[in-house]
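Next comes coords03.cif, a file with mmCIF, C-alpha atoms.
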data_coords
#
loop_
_atom_site.label_atom_id
_atom_site.label_comp_id
_atom_site.auth_asym_id
_atom_site.auth_seq_id
_atom_site.Cartn_x
_atom_site.Cartn_y
_atom_site.Cartn_z
CA MET A 767 70.79 60.43 -40.11
CA GLU A 768 69.18 60.64 -36.65
CA ALA A 769 71.32 63.63 -35.67
CA ALA A 770 70.15 65.56 -38.75
CA ARG A 771 66.53 64.72 -37.97
CA GLN A 772 66.80 65.85 -34.34
CA GLN A 773 68.50 69.08 -35.36
CA ALA A 774 65.68 69.84 -37.80
CA ARG A 775 63.07 69.03 -35.16
CA GLU A 776 64.62 71.47 -32.70
CA MET A 777 64.82 74.20 -35.36
CA PHE A 778 61.16 73.64 -36.19
CA ARG A 779 60.12 73.78 -32.54
CA GLN A 780 61.95 77.06 -31.98
CA MET A 781 60.34 78.78 -34.99
CA ARG A 782 56.86 78.45 -33.42
CA PHE A 783 54.95 80.47 -36.10
CA GLY A 784 54.44 79.70 -39.78
CA MET A 785 52.34 80.64 -42.80
CA PHE A 786 50.13 78.03 -44.46
CA ILE A 787 49.28 78.74 -48.11
CA HIS A 788 46.41 76.99 -49.91
CA TRP A 789 46.58 77.95 -53.58
CA GLY A 790 45.50 76.17 -56.74
CA ILE A 791 43.21 76.39 -59.75
CA TYR A 792 40.24 76.16 -57.34
CA SER A 793 40.96 79.78 -56.42
CA LEU A 794 39.48 80.79 -59.80
CA LEU A 795 36.03 79.78 -58.54
CA GLY A 796 36.46 81.57 -55.20
CA ARG A 797 34.55 78.95 -53.24
CA GLY A 798 37.31 77.12 -51.37
CA GLU A 799 39.62 74.24 -52.19
CA TRP A 800 36.91 71.53 -51.90
CA VAL A 801 34.70 73.13 -54.58
CA MET A 802 35.24 70.26 -57.07
CA TYR A 803 34.01 67.71 -54.53
CA HIS A 804 31.21 69.69 -52.89
CA GLU A 805 29.69 70.86 -56.18
CA LYS A 806 30.30 67.50 -57.92
CA ILE A 807 32.13 69.14 -60.81
CA PRO A 808 33.10 66.46 -63.38
CA VAL A 809 36.82 65.95 -63.94
CA GLN A 810 36.57 67.05 -67.58
CA GLU A 811 34.88 70.32 -66.60
CA TYR A 812 37.21 71.03 -63.70
CA GLU A 813 40.28 70.42 -65.87
CA LYS A 814 39.32 73.43 -68.00
CA LEU A 815 40.26 75.71 -65.10
CA MET A 816 43.90 74.93 -65.88
CA GLN A 817 43.64 76.88 -69.14
CA GLN A 818 42.29 79.92 -67.28
CA PHE A 819 44.88 80.04 -64.52
CA ASN A 820 47.23 82.98 -65.07
CA PRO A 821 48.29 84.60 -61.75
CA VAL A 822 49.99 87.62 -63.31
CA HIS A 823 50.34 89.42 -59.96
CA TYR A 824 52.04 86.54 -58.16
CA ASN A 825 55.10 87.97 -56.42
CA PRO A 826 56.92 85.46 -54.19
CA ARG A 827 59.19 88.21 -52.88
CA GLU A 828 56.14 90.03 -51.49
CA TRP A 829 54.68 86.81 -50.04
CA VAL A 830 57.85 85.97 -48.14
CA ALA A 831 58.30 89.59 -47.03
CA LEU A 832 54.73 89.54 -45.66
CA ALA A 833 55.45 86.34 -43.74
CA LYS A 834 58.53 87.98 -42.23
CA ARG A 835 56.58 91.13 -41.28
CA ALA A 836 54.09 88.86 -39.54
CA GLY A 837 56.90 87.29 -37.53
CA MET A 838 56.53 83.93 -39.28
CA ARG A 839 59.64 81.78 -39.50
CA TYR A 840 58.47 79.21 -42.07
CA ILE A 841 56.01 78.70 -44.95
CA THR A 842 54.09 75.52 -45.81
CA ILE A 843 52.49 75.62 -49.28
CA THR A 844 50.21 73.26 -51.19
CA THR A 845 52.11 71.56 -54.01
CA LYS A 846 49.14 69.28 -54.85
CA HIS A 847 45.74 69.36 -53.17
CA HIS A 848 42.94 66.78 -53.38
CA ASP A 849 41.98 68.02 -56.87
CA GLY A 850 45.21 66.50 -58.17
CA PHE A 851 46.53 69.67 -59.84
CA CYS A 852 50.27 70.18 -59.32
CA MET A 853 51.49 73.68 -58.50
CA TYR A 854 55.02 72.68 -59.48
CA ASP A 855 56.71 71.38 -62.62
CA SER A 856 56.27 67.65 -62.06
CA ALA A 857 57.81 65.26 -64.58
CA LEU A 858 55.11 62.70 -63.72
CA THR A 859 51.99 64.49 -65.01
CA ASP A 860 50.82 67.08 -67.52
CA TYR A 861 48.24 68.36 -65.03
CA LYS A 862 50.46 71.11 -63.65
CA ILE A 863 51.16 74.82 -63.38
CA THR A 864 53.71 74.94 -66.20
CA ASN A 865 50.99 73.89 -68.66
CA THR A 866 48.75 76.83 -67.77
CA PRO A 867 48.90 80.21 -69.53
CA TYR A 868 51.20 81.30 -66.68
CA LYS A 869 53.74 78.57 -67.59
CA ARG A 870 56.09 79.30 -64.68
CA ASP A 871 56.90 77.04 -61.72
CA VAL A 872 55.48 79.02 -58.78
CA ILE A 873 56.89 76.56 -56.22
CA ALA A 874 60.44 76.91 -57.58
CA GLU A 875 60.16 80.69 -57.39
CA LEU A 876 58.83 80.60 -53.83
CA VAL A 877 61.59 78.22 -52.73
CA HIS A 878 64.21 80.54 -54.22
CA GLU A 879 62.72 83.54 -52.44
CA CYS A 880 62.41 81.73 -49.09
CA ARG A 881 66.09 80.84 -49.27
CA ARG A 882 67.03 84.40 -50.21
CA GLN A 883 65.06 85.86 -47.29
CA ARG A 884 65.99 83.04 -44.89
CA VAL A 885 62.52 81.65 -44.28
CA ALA A 886 62.15 77.87 -44.04
CA ILE A 887 59.97 76.13 -46.65
CA LEU A 888 57.82 73.01 -46.20
CA PHE A 889 55.47 71.36 -48.70
CA TYR A 890 51.87 70.23 -48.30
CA TYR A 891 51.06 67.25 -50.54
CA SER A 892 47.78 65.34 -50.82
CA PRO A 893 47.95 61.57 -51.40
CA LEU A 894 44.15 61.73 -51.90
CA ASP A 895 43.49 62.55 -55.57
CA TRP A 896 40.08 63.20 -57.19
CA HIS A 897 41.68 63.52 -60.62
CA HIS A 898 44.10 60.64 -61.15
CA PRO A 899 42.35 57.76 -62.99
CA ALA A 900 44.21 55.05 -61.05
CA TYR A 901 43.15 56.32 -57.61
CA ASN A 902 39.96 54.26 -57.67
CA SER A 903 40.98 51.59 -60.18
CA ASP A 904 44.59 50.50 -59.65
CA TRP A 905 45.94 51.15 -56.16
CA GLU A 906 49.41 49.80 -56.94
CA VAL A 907 49.82 52.13 -59.93
CA TYR A 908 48.52 55.10 -57.97
CA THR A 909 50.72 54.37 -54.96
CA ARG A 910 53.82 54.34 -57.16
CA TYR A 911 52.69 57.65 -58.68
CA TRP A 912 52.20 59.57 -55.46
CA HIS A 913 55.29 58.11 -53.79
CA ARG A 914 57.38 59.16 -56.79
CA GLN A 915 55.91 62.68 -56.65
CA VAL A 916 56.81 63.13 -52.98
CA LEU A 917 60.37 61.95 -53.67
CA GLU A 918 60.48 64.21 -56.73
CA LEU A 919 59.58 67.22 -54.56
CA ILE A 920 62.38 66.39 -52.12
CA ARG A 921 65.01 65.88 -54.79
CA LYS A 922 63.99 68.88 -56.87
CA TYR A 923 63.38 71.54 -54.20
CA LYS A 924 64.94 70.25 -50.95
CA PRO A 925 62.24 71.43 -48.51
CA MET A 926 62.61 71.32 -44.73
CA GLY A 927 59.59 69.07 -44.46
CA ILE A 928 56.64 67.31 -46.11
CA TRP A 929 53.08 67.78 -44.77
CA LEU A 930 50.79 64.98 -46.02
CA ASP A 931 46.99 65.26 -45.99
CA GLY A 932 44.37 62.81 -47.23
CA CYS A 933 45.34 59.40 -45.87
CA TRP A 934 42.23 59.68 -43.67
CA HIS A 935 40.27 58.78 -46.83
CA LYS A 936 41.41 55.14 -46.40
CA PRO A 937 42.00 54.94 -42.64
CA ASP A 938 42.06 51.16 -42.12
CA ASN A 939 45.58 49.86 -41.48
CA ILE A 940 46.83 53.23 -42.62
CA ASP A 941 50.55 52.42 -42.68
CA ALA A 942 50.15 49.33 -44.86
CA THR A 943 47.42 50.79 -47.09
CA TRP A 944 49.41 53.87 -48.05
CA ARG A 945 52.80 52.16 -47.58
CA LEU A 946 53.91 55.04 -45.41
CA SER A 947 56.88 53.45 -43.61
CA GLU A 948 58.29 52.39 -46.97
CA LEU A 949 57.95 55.95 -48.29
CA TYR A 950 59.39 57.51 -45.13
CA ARG A 951 62.49 55.32 -45.30
CA GLU A 952 63.13 56.40 -48.87
CA MET A 953 62.51 60.06 -48.00
CA ARG A 954 65.12 59.91 -45.26
CA ARG A 955 67.57 58.07 -47.48
CA ILE A 956 67.44 61.09 -49.82
CA ALA A 957 67.19 63.78 -47.11
CA PRO A 958 68.17 62.52 -43.63
CA GLY A 959 66.90 65.65 -41.89
CA ILE A 960 63.52 65.88 -43.65
CA LEU A 961 60.60 66.52 -41.28
CA ILE A 962 57.47 64.45 -41.84
CA GLY A 963 53.94 65.30 -40.79
CA ASN A 964 50.77 63.46 -41.77
CA ASN A 965 47.29 64.80 -41.07
CA HIS A 966 45.77 61.30 -41.02
CA HIS A 967 43.76 61.87 -37.80
CA GLN A 968 45.48 58.98 -36.01
CA GLN A 969 48.34 58.69 -33.55
CA PRO A 970 51.66 59.55 -35.24
CA LEU A 971 53.72 56.72 -36.65
CA PRO A 972 57.28 56.34 -35.27
CA ASP A 973 58.83 57.97 -38.36
CA GLU A 974 56.52 61.02 -38.24
CA ASP A 975 57.86 64.18 -36.63
CA ILE A 976 54.82 66.45 -36.48
CA GLN A 977 51.35 65.76 -35.06
CA THR A 978 48.86 68.10 -36.68
CA PHE A 979 45.76 69.58 -35.05
CA GLU A 980 43.37 71.10 -37.59
CA GLN A 981 41.28 74.11 -36.55
CA ASP A 982 41.72 73.36 -32.84
CA LEU A 983 44.36 73.53 -30.14
CA PRO A 984 46.20 70.44 -28.84
CA GLY A 985 44.07 68.88 -26.12
CA GLU A 986 40.82 70.67 -26.96
CA ASN A 987 39.07 67.95 -28.96
CA THR A 988 41.71 65.24 -29.22
CA ALA A 989 41.68 62.32 -26.82
CA GLY A 990 45.20 61.32 -27.86
CA PHE A 991 46.81 64.57 -26.73
CA ASN A 992 49.72 63.99 -24.36
CA LYS A 993 50.30 66.57 -21.65
CA ALA A 994 54.04 66.24 -22.17
CA ILE A 995 55.84 65.36 -25.37
CA PRO A 996 57.89 62.20 -24.75
CA ALA A 997 61.51 62.09 -25.88
CA GLY A 998 61.46 61.30 -29.58
CA GLY A 999 57.68 61.84 -29.77
CA ALA A 1000 55.99 63.92 -32.43
CA LEU A 1001 56.04 67.71 -32.18
CA TYR A 1002 52.71 69.53 -32.04
CA GLU A 1003 51.44 71.95 -34.68
CA THR A 1004 48.02 73.58 -34.90
CA CYS A 1005 46.88 74.78 -38.32
CA MET A 1006 44.05 77.31 -38.59
CA THR A 1007 42.42 79.61 -41.10
CA ILE A 1008 42.12 83.38 -40.71
CA ASN A 1009 38.48 83.20 -41.81
CA ASN A 1010 36.63 79.88 -42.22
CA SER A 1011 38.25 78.81 -45.50
CA TRP A 1012 41.57 77.33 -46.56
CA GLY A 1013 41.41 78.11 -50.27
CA TYR A 1014 40.27 81.54 -51.46
CA ASN A 1015 36.56 82.09 -50.72
CA ALA A 1016 35.22 85.42 -51.95
CA GLN A 1017 32.08 85.17 -49.78
CA ASP A 1018 33.81 84.29 -46.50
CA HIS A 1019 34.14 87.51 -44.52
CA ASN A 1020 34.31 85.94 -41.06
CA HIS A 1021 37.90 86.99 -40.38
CA LYS A 1022 39.44 86.46 -36.96
CA SER A 1023 40.53 89.67 -35.25
CA PRO A 1024 44.25 90.39 -34.74
CA GLU A 1025 43.66 90.02 -30.98
CA ARG A 1026 42.17 86.56 -31.48
CA ILE A 1027 45.11 85.49 -33.66
CA VAL A 1028 47.66 86.75 -31.11
CA ARG A 1029 45.93 84.75 -28.37
CA LEU A 1030 45.83 81.63 -30.54
CA LEU A 1031 49.55 81.97 -31.18
CA ALA A 1032 50.20 82.33 -27.45
CA GLU A 1033 47.87 79.41 -26.67
CA CYS A 1034 49.77 77.21 -29.11
CA ALA A 1035 53.13 78.10 -27.60
CA GLY A 1036 51.62 77.58 -24.13
CA ARG A 1037 50.68 74.03 -25.19
CA ASP A 1038 54.14 73.43 -26.65
CA ALA A 1039 52.82 73.65 -30.22
CA ASN A 1040 53.67 75.60 -33.35
CA PHE A 1041 50.97 77.74 -34.99
CA LEU A 1042 50.50 77.44 -38.77
CA LEU A 1043 48.18 80.23 -39.91
CA ASN A 1044 46.62 79.97 -43.36
CA VAL A 1045 46.12 82.41 -46.22
CA GLY A 1046 44.33 81.53 -49.46
CA PRO A 1047 45.68 83.73 -52.26
CA LYS A 1048 43.39 85.01 -55.01
CA PRO A 1049 43.63 83.59 -58.55
CA ASP A 1050 45.73 86.59 -59.63
CA GLY A 1051 48.39 85.74 -57.02
CA THR A 1052 47.59 88.47 -54.49
CA ILE A 1053 46.71 87.95 -50.83
CA GLN A 1054 43.51 89.64 -49.74
CA SER A 1055 43.92 92.85 -47.79
CA GLU A 1056 41.99 91.61 -44.73
CA HIS A 1057 44.60 88.90 -44.24
CA VAL A 1058 47.54 91.22 -44.86
CA GLU A 1059 46.26 93.66 -42.23
CA ARG A 1060 45.87 90.93 -39.62
CA LEU A 1061 49.26 89.38 -40.30
CA GLU A 1062 50.98 92.75 -39.99
CA ALA A 1063 49.17 93.43 -36.70
CA VAL A 1064 50.42 90.12 -35.28
CA GLY A 1065 53.92 90.99 -36.45
CA HIS A 1066 53.73 94.31 -34.62
CA TRP A 1067 52.84 92.47 -31.39
CA LEU A 1068 55.69 90.01 -31.90
CA GLN A 1069 58.21 92.81 -32.34
CA LYS A 1070 57.65 93.64 -28.66
CA ASN A 1071 56.77 90.22 -27.29
CA GLY A 1072 58.55 87.69 -29.50
CA LYS A 1073 60.80 86.54 -26.65
CA ALA A 1074 57.71 84.97 -25.08
CA ILE A 1075 57.02 82.89 -28.21
CA TYR A 1076 60.15 81.96 -30.18
CA GLY A 1077 62.30 79.23 -28.69
CA THR A 1078 60.04 78.77 -25.67
CA ARG A 1079 58.49 75.64 -24.22
CA GLY A 1080 54.95 75.32 -22.95
CA GLN A 1081 52.89 73.34 -20.45
CA VAL A 1082 54.03 75.51 -17.52
CA PHE A 1083 50.65 75.59 -15.72
CA HIS A 1084 47.60 73.44 -16.33
CA ALA A 1085 44.84 75.45 -18.06
CA PRO A 1086 45.27 78.77 -16.21
CA PRO A 1087 42.01 80.77 -16.37
CA TRP A 1088 43.82 84.07 -16.94
CA GLY A 1089 45.61 83.09 -20.20
CA THR A 1090 48.65 80.87 -20.71
CA ALA A 1091 52.38 80.68 -20.00
CA THR A 1092 55.62 79.84 -21.79
CA ARG A 1093 59.15 79.35 -20.49
CA THR A 1094 62.83 79.23 -21.21
CA ALA A 1095 65.65 78.07 -18.95
CA LYS A 1096 65.82 81.47 -17.23
CA SER A 1097 62.38 83.01 -17.62
CA ILE A 1098 58.67 82.27 -17.33
CA TYR A 1099 56.35 84.37 -19.47
CA LEU A 1100 52.80 84.97 -18.24
CA HIS A 1101 50.39 85.71 -21.12
CA ILE A 1102 47.40 87.49 -19.61
CA TRP A 1103 44.13 88.48 -21.33
CA ASN A 1104 41.49 87.31 -18.84
CA PRO A 1105 42.72 88.74 -15.52
CA PRO A 1106 41.09 87.88 -12.17
CA GLU A 1107 39.22 90.49 -10.16
CA GLU A 1108 42.10 90.62 -7.69
CA PRO A 1109 45.03 92.89 -8.69
CA TYR A 1110 47.40 89.93 -8.72
CA LEU A 1111 47.88 86.36 -9.98
CA THR A 1112 48.43 83.56 -7.46
CA LEU A 1113 50.79 80.96 -8.91
CA GLN A 1114 51.68 77.68 -7.24
CA MET A 1115 55.43 77.34 -7.86
CA PRO A 1116 57.02 75.43 -4.97
CA THR A 1117 60.41 74.82 -6.58
CA VAL A 1118 60.94 78.17 -8.28
CA ARG A 1119 62.40 81.40 -6.93
CA VAL A 1120 61.44 84.55 -8.82
CA LYS A 1121 64.31 87.04 -9.00
CA GLN A 1122 62.38 89.89 -10.65
CA ALA A 1123 59.50 90.56 -13.04
CA ARG A 1124 58.66 93.14 -15.69
CA LEU A 1125 56.25 93.92 -18.50
CA LEU A 1126 57.95 92.43 -21.53
CA SER A 1127 56.86 95.11 -24.01
CA THR A 1128 58.00 98.12 -21.95
CA GLY A 1129 60.42 96.83 -19.31
CA GLU A 1130 58.32 98.36 -16.53
CA ALA A 1131 58.92 96.57 -13.21
CA VAL A 1132 56.19 94.32 -11.81
CA LYS A 1133 55.90 93.53 -8.09
CA VAL A 1134 56.14 89.90 -7.00
CA GLN A 1135 55.87 88.29 -3.58
CA GLN A 1136 57.08 84.81 -2.69
CA GLN A 1137 54.98 83.08 0.00
CA GLU A 1138 56.14 79.53 0.64
CA GLU A 1139 55.06 77.56 -2.43
CA TYR A 1140 53.08 80.44 -3.96
CA VAL A 1141 54.11 83.48 -5.99
CA LEU A 1142 51.87 86.56 -6.10
CA VAL A 1143 52.35 88.64 -9.25
CA SER A 1144 50.85 92.13 -9.42
CA ILE A 1145 49.07 92.87 -12.67
CA PRO A 1146 48.12 96.30 -14.00
CA HIS A 1147 44.44 97.22 -14.32
CA PRO A 1148 43.40 97.78 -17.01
CA LEU A 1149 45.78 95.56 -18.95
CA PRO A 1150 48.06 97.67 -21.19
CA ASP A 1151 47.64 95.17 -24.05
CA THR A 1152 44.13 93.76 -24.29
CA ALA A 1153 45.23 91.13 -26.83
CA ASP A 1154 47.92 89.63 -24.59
CA THR A 1155 49.85 91.40 -21.83
CA VAL A 1156 53.10 89.52 -21.19
CA ILE A 1157 54.93 89.56 -17.86
CA GLU A 1158 58.44 88.14 -17.86
CA MET A 1159 59.58 86.55 -14.59
CA GLU A 1160 63.29 85.85 -14.25
CA VAL A 1161 63.59 82.66 -12.24
CA ALA A 1162 66.17 80.55 -10.48
#

Any chance you could put this one into structure tokens?
Amino acid sequence: MEAARQQAREMFRQMRFGMFIHWGIYSLLGRGEWVMYHEKIPVQEYEKLMQQFNPVHYNPREWVALAKRAGMRYITITTKHHDGFCMYDSALTDYKITNTPYKRDVIAELVHECRRQRVAILFYYSPLDWHHPAYNSDWEVYTRYWHRQVLELIRKYKPMGIWLDGCWHKPDNIDATWRLSELYREMRRIAPGILIGNNHHQQPLPDEDIQTFEQDLPGENTAGFNKAIPAGGALYETCMTINNSWGYNAQDHNHKSPERIVRLLAECAGRDANFLLNVGPKPDGTIQSEHVERLEAVGHWLQKNGKAIYGTRGQVFHAPPWGTATRTAKSIYLHIWNPPEEPYLTLQMPTVRVKQARLLSTGEAVKVQQQEEYVLVSIPHPLPDTADTVIEMEVA
């Protein structure tokens, strides 16, 4: 069991870049996934959206192909958000996608397509539920319900991992309240290699594999960030939106630039974290063009510079002002977007000998000088890639 878990953890770490998908009946209103809560829509009124949901242009083959063009190695999709609506064919509720006019199981189709195109699939699931009548009246009944749904997802679709979100709603004694350790043991009995993440805003429990940072980088606003991941400790993953919204928001036009997204991806890798970048599909099943354009631009950058992201480790230098750095056993990758005024970087590397250096995207040689415990690396001015110019240093 432990060997399967460690193998899955290493695979996840090496993938580095994933697509987050927030999609549900809330997309019909085009005001984000919290619209039911923020606008105090009664359950009976909100339920009517189910009878309007008919995403006739949903094409999982195109979604997965887009993720691949963006250089993403995995997809994490919402199977049930806080509104309680299930985007899969659950045997435990009638409040689900297969009872809409669309009738089809969109999660099953996406899983099939991910496997066909060799992209890993993980599931977001919300234990918090604004719809289920027992959530506020019978905690034992509700706990059995949501535990059974998580196990149902694992048995039915066999995802690489489960990404829980909502336990922060009852944060006191979080393990006992939500009976997490009990659930995790049963999850691993069914699927020994299943990865578990829980966005509960507390330190990870021993059975959790992924520590999530929402809309920020590890160490930016989190006192519990460790500068080095201990053996067996949780892996880091930052999740962010392309604009300011998770679910589809027709009025949110504040889209991050491709350059900003590339730097965020590099920053995550430089902090030894994966980057989970969100899209919120429209109610018809399409992904808005602004997001497609940005994802494809990031993919174009990764075609030339992917060696500096995939399979690398971070935490090479502490908060370098010029950018960030990643490494493998044989190379250190300098990600530069804020160069100093001098035409070189001064790196303190007392135990490393640099054999040679080059621009990763073109192979053009870069001059380096070794001076005792320092390495001086020449950098071109202006930078050839304003988003992130990568210099690969082969080291011994």

- [ ] Step by step, work through what the PyMOL selection byres ((chain A and resi 823) around 12) selects in the shown file, and finish by giving those residues as a PyMOL selection string.
- [x] chain A and resi 819-822+824-829+868+872+1047-1053

With all atoms listed in the file as the counted atoms, please give the residues lying no more than 12 Å from His1147 in chain A, apart from itself and same-chain residues fewer than 4 positions off, as a CSV table (one decimal) with C-alpha atoms, in the coordinates of the input.
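Just written: part03.csv:
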chain,number,residue,atom,x,y,z
A,1102,ILE,CA,47.4,87.5,-19.6
A,1103,TRP,CA,44.1,88.5,-21.3
A,1104,ASN,CA,41.5,87.3,-18.8
A,1105,PRO,CA,42.7,88.7,-15.5
A,1106,PRO,CA,41.1,87.9,-12.2
A,1107,GLU,CA,39.2,90.5,-10.2
A,1108,GLU,CA,42.1,90.6,-7.7
A,1109,PRO,CA,45.0,92.9,-8.7
A,1110,TYR,CA,47.4,89.9,-8.7
A,1151,ASP,CA,47.6,95.2,-24.0
A,1152,THR,CA,44.1,93.8,-24.3
A,1155,THR,CA,49.8,91.4,-21.8

Open item on the list: Would you compute the distance between CA of Glu918 in chain A and CA of Tyr854 in chain A? Give it in Å to one decimal.
Closed with: 10.4 Å

TODO: Translate the PyMOL selection byres ((chain A and resi 984) around 9), as applied to the file shown, into an explicit residue set as a PyMOL selection string.
DONE: chain A and resi 978-979+982-983+985-988+991-992+1002-1004+1034+1037-1039

Once you have the residues from the selection above, write them out as a compact mmCIF listing (two decimals), keeping the file's coordinate frame, restricted to C-alpha atoms.
# COMPACT_ATOMS: atom_id res chain seq x y z
CA THR A 978 48.86 68.10 -36.68
CA PHE A 979 45.76 69.58 -35.05
CA ASP A 982 41.72 73.36 -32.84
CA LEU A 983 44.36 73.53 -30.14
CA GLY A 985 44.07 68.88 -26.12
CA GLU A 986 40.82 70.67 -26.96
CA ASN A 987 39.07 67.95 -28.96
CA THR A 988 41.71 65.24 -29.22
CA PHE A 991 46.81 64.57 -26.73
CA ASN A 992 49.72 63.99 -24.36
CA TYR A 1002 52.71 69.53 -32.04
CA GLU A 1003 51.44 71.95 -34.68
CA THR A 1004 48.02 73.58 -34.90
CA CYS A 1034 49.77 77.21 -29.11
CA ARG A 1037 50.68 74.03 -25.19
CA ASP A 1038 54.14 73.43 -26.65
CA ALA A 1039 52.82 73.65 -30.22

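Residues with any atom within 9 Å of Ile976 in chain A, counting all atoms listed in the file and excluding same-chain neighbours fewer than 6 positions away, are Arg775, Trp929, Leu961, Ile962, Gly963, Asn964, Asn965, Pro970, Gly999, Ala1000, Leu1001, Tyr1002 and Glu1003 of chain A.
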
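What separates CA of Met953 in chain A from CA of His966 in chain A is a distance of 18.2 Å.
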
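All residues of protein, DNA or RNA that reach within 10 Å of Met1006 in chain A, judged by all atoms listed in the file and not counting those fewer than 5 positions away in the chain, are A:Met785, A:Phe786, A:Phe979, A:Glu980, A:Gln981, A:Asp982, A:Leu983, A:Ser1011, A:Trp1012, A:Ile1027, A:Leu1030, A:Phe1041, A:Leu1042, A:Leu1043, A:Asn1044, A:Val1045.
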
TODO: Work out how far CA of Ile1008 in chain A is from CA of Arg1060 in chain A, in Å to one decimal.
DONE: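 Computing the Euclidean distance for CA of Arg1060 in chain A and CA of Ile1008 in chain A yields 8.5 Å.
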
Open item on the list: What's around Gly850 in chain A at 12 Å? Count only C-alpha atoms, leave out sequence neighbours fewer than 4 positions away in its own chain, and write the answer as a ChimeraX atom specification.
Closed with: /A:790-792,799-800,802-803,809,812-813,816,844-846,854,856,858-863,891-901,908,911-912,915,932

Per residue of range 903-990 of chain A within 10 Å of range 831-843 of chain A, which atom pair is closest and at what distance in Å (one decimal), using all atoms listed in the file, listed by chain and increasing number, as a Markdown table?
| residue | atom | partner | partner_atom | distance |
| --- | --- | --- | --- | --- |
| A:Pro925 | CA | A:Thr842 | CA | 9.5 |
| A:Met926 | CA | A:Tyr840 | CA | 9.3 |
| A:Gly927 | CA | A:Thr842 | CA | 8.6 |
| A:Ile928 | CA | A:Thr842 | CA | 8.6 |
| A:Trp929 | CA | A:Thr842 | CA | 7.9 |

Leaving out Met777 in chain A and any residue of its chain fewer than 4 positions from it, which residues lie within 12 Å of it when counting all atoms listed in the file, given as a PDB file with C-alpha atoms, in the frame of the given file?
ATOM      1  CA  ALA A 770      70.150  65.560 -38.750  1.00  0.00           C
ATOM      2  CA  ARG A 771      66.530  64.720 -37.970  1.00  0.00           C
ATOM      3  CA  GLN A 772      66.800  65.850 -34.340  1.00  0.00           C
ATOM      4  CA  GLN A 773      68.500  69.080 -35.360  1.00  0.00           C
ATOM      5  CA  MET A 781      60.340  78.780 -34.990  1.00  0.00           C
ATOM      6  CA  ARG A 782      56.860  78.450 -33.420  1.00  0.00           C
ATOM      7  CA  PHE A 783      54.950  80.470 -36.100  1.00  0.00           C
ATOM      8  CA  ARG A 839      59.640  81.780 -39.500  1.00  0.00           C
ATOM      9  CA  TYR A 840      58.470  79.210 -42.070  1.00  0.00           C
ATOM     10  CA  VAL A 885      62.520  81.650 -44.280  1.00  0.00           C
ATOM     11  CA  ALA A 886      62.150  77.870 -44.040  1.00  0.00           C
ATOM     12  CA  MET A 926      62.610  71.320 -44.730  1.00  0.00           C
ATOM     13  CA  GLY A 927      59.590  69.070 -44.460  1.00  0.00           C
ATOM     14  CA  GLY A 959      66.900  65.650 -41.890  1.00  0.00           C
ATOM     15  CA  ILE A 960      63.520  65.880 -43.650  1.00  0.00           C
ATOM     16  CA  LEU A 961      60.600  66.520 -41.280  1.00  0.00           C
ATOM     17  CA  LEU A1001      56.040  67.710 -32.180  1.00  0.00           C
ATOM     18  CA  ASN A1040      53.670  75.600 -33.350  1.00  0.00           C
ATOM     19  CA  TYR A1076      60.150  81.960 -30.180  1.00  0.00           C
ATOM     20  CA  GLY A1077      62.300  79.230 -28.690  1.00  0.00           C
ATOM     21  CA  THR A1078      60.040  78.770 -25.670  1.00  0.00           C
TER      22      THR A1078
END

Open item on the list: Please determine, counting all atoms listed in the file, which residue among A:Val1120, A:Cys933, A:Leu1061, A:Leu1125 has the shortest atom-to-atom distance to Arg945 in chain A.
Closed with: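 Of A:Val1120, A:Cys933, A:Leu1061, A:Leu1125, the one nearest Arg945 in chain A, counting all atoms listed in the file, is A:Cys933.
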
TODO: Using all atoms listed in the file, find the one residue out of A:Met853, A:Gln1137, A:Gln818, A:Ala1162 that sits nearest to Ala1095 in chain A.
DONE: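 Closest residue, counting all atoms listed in the file: A:Ala1162.
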
Task: Pick from A:Gly1129, A:Gly1036, A:Pro958, A:Pro1087, whichever lies nearest to Ala774 in chain A using all atoms listed in the file - done: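 Once distances to Ala774 in chain A are computed over all atoms listed in the file, the minimum belongs to A:Pro958.
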
- [ ] Go through A:Ser1127, A:Asp1154, A:Tyr950, A:Val907 and flag the residue nearest Gln1069 in chain A, using all atoms listed in the file for the distances.
- [x] A:Ser1127
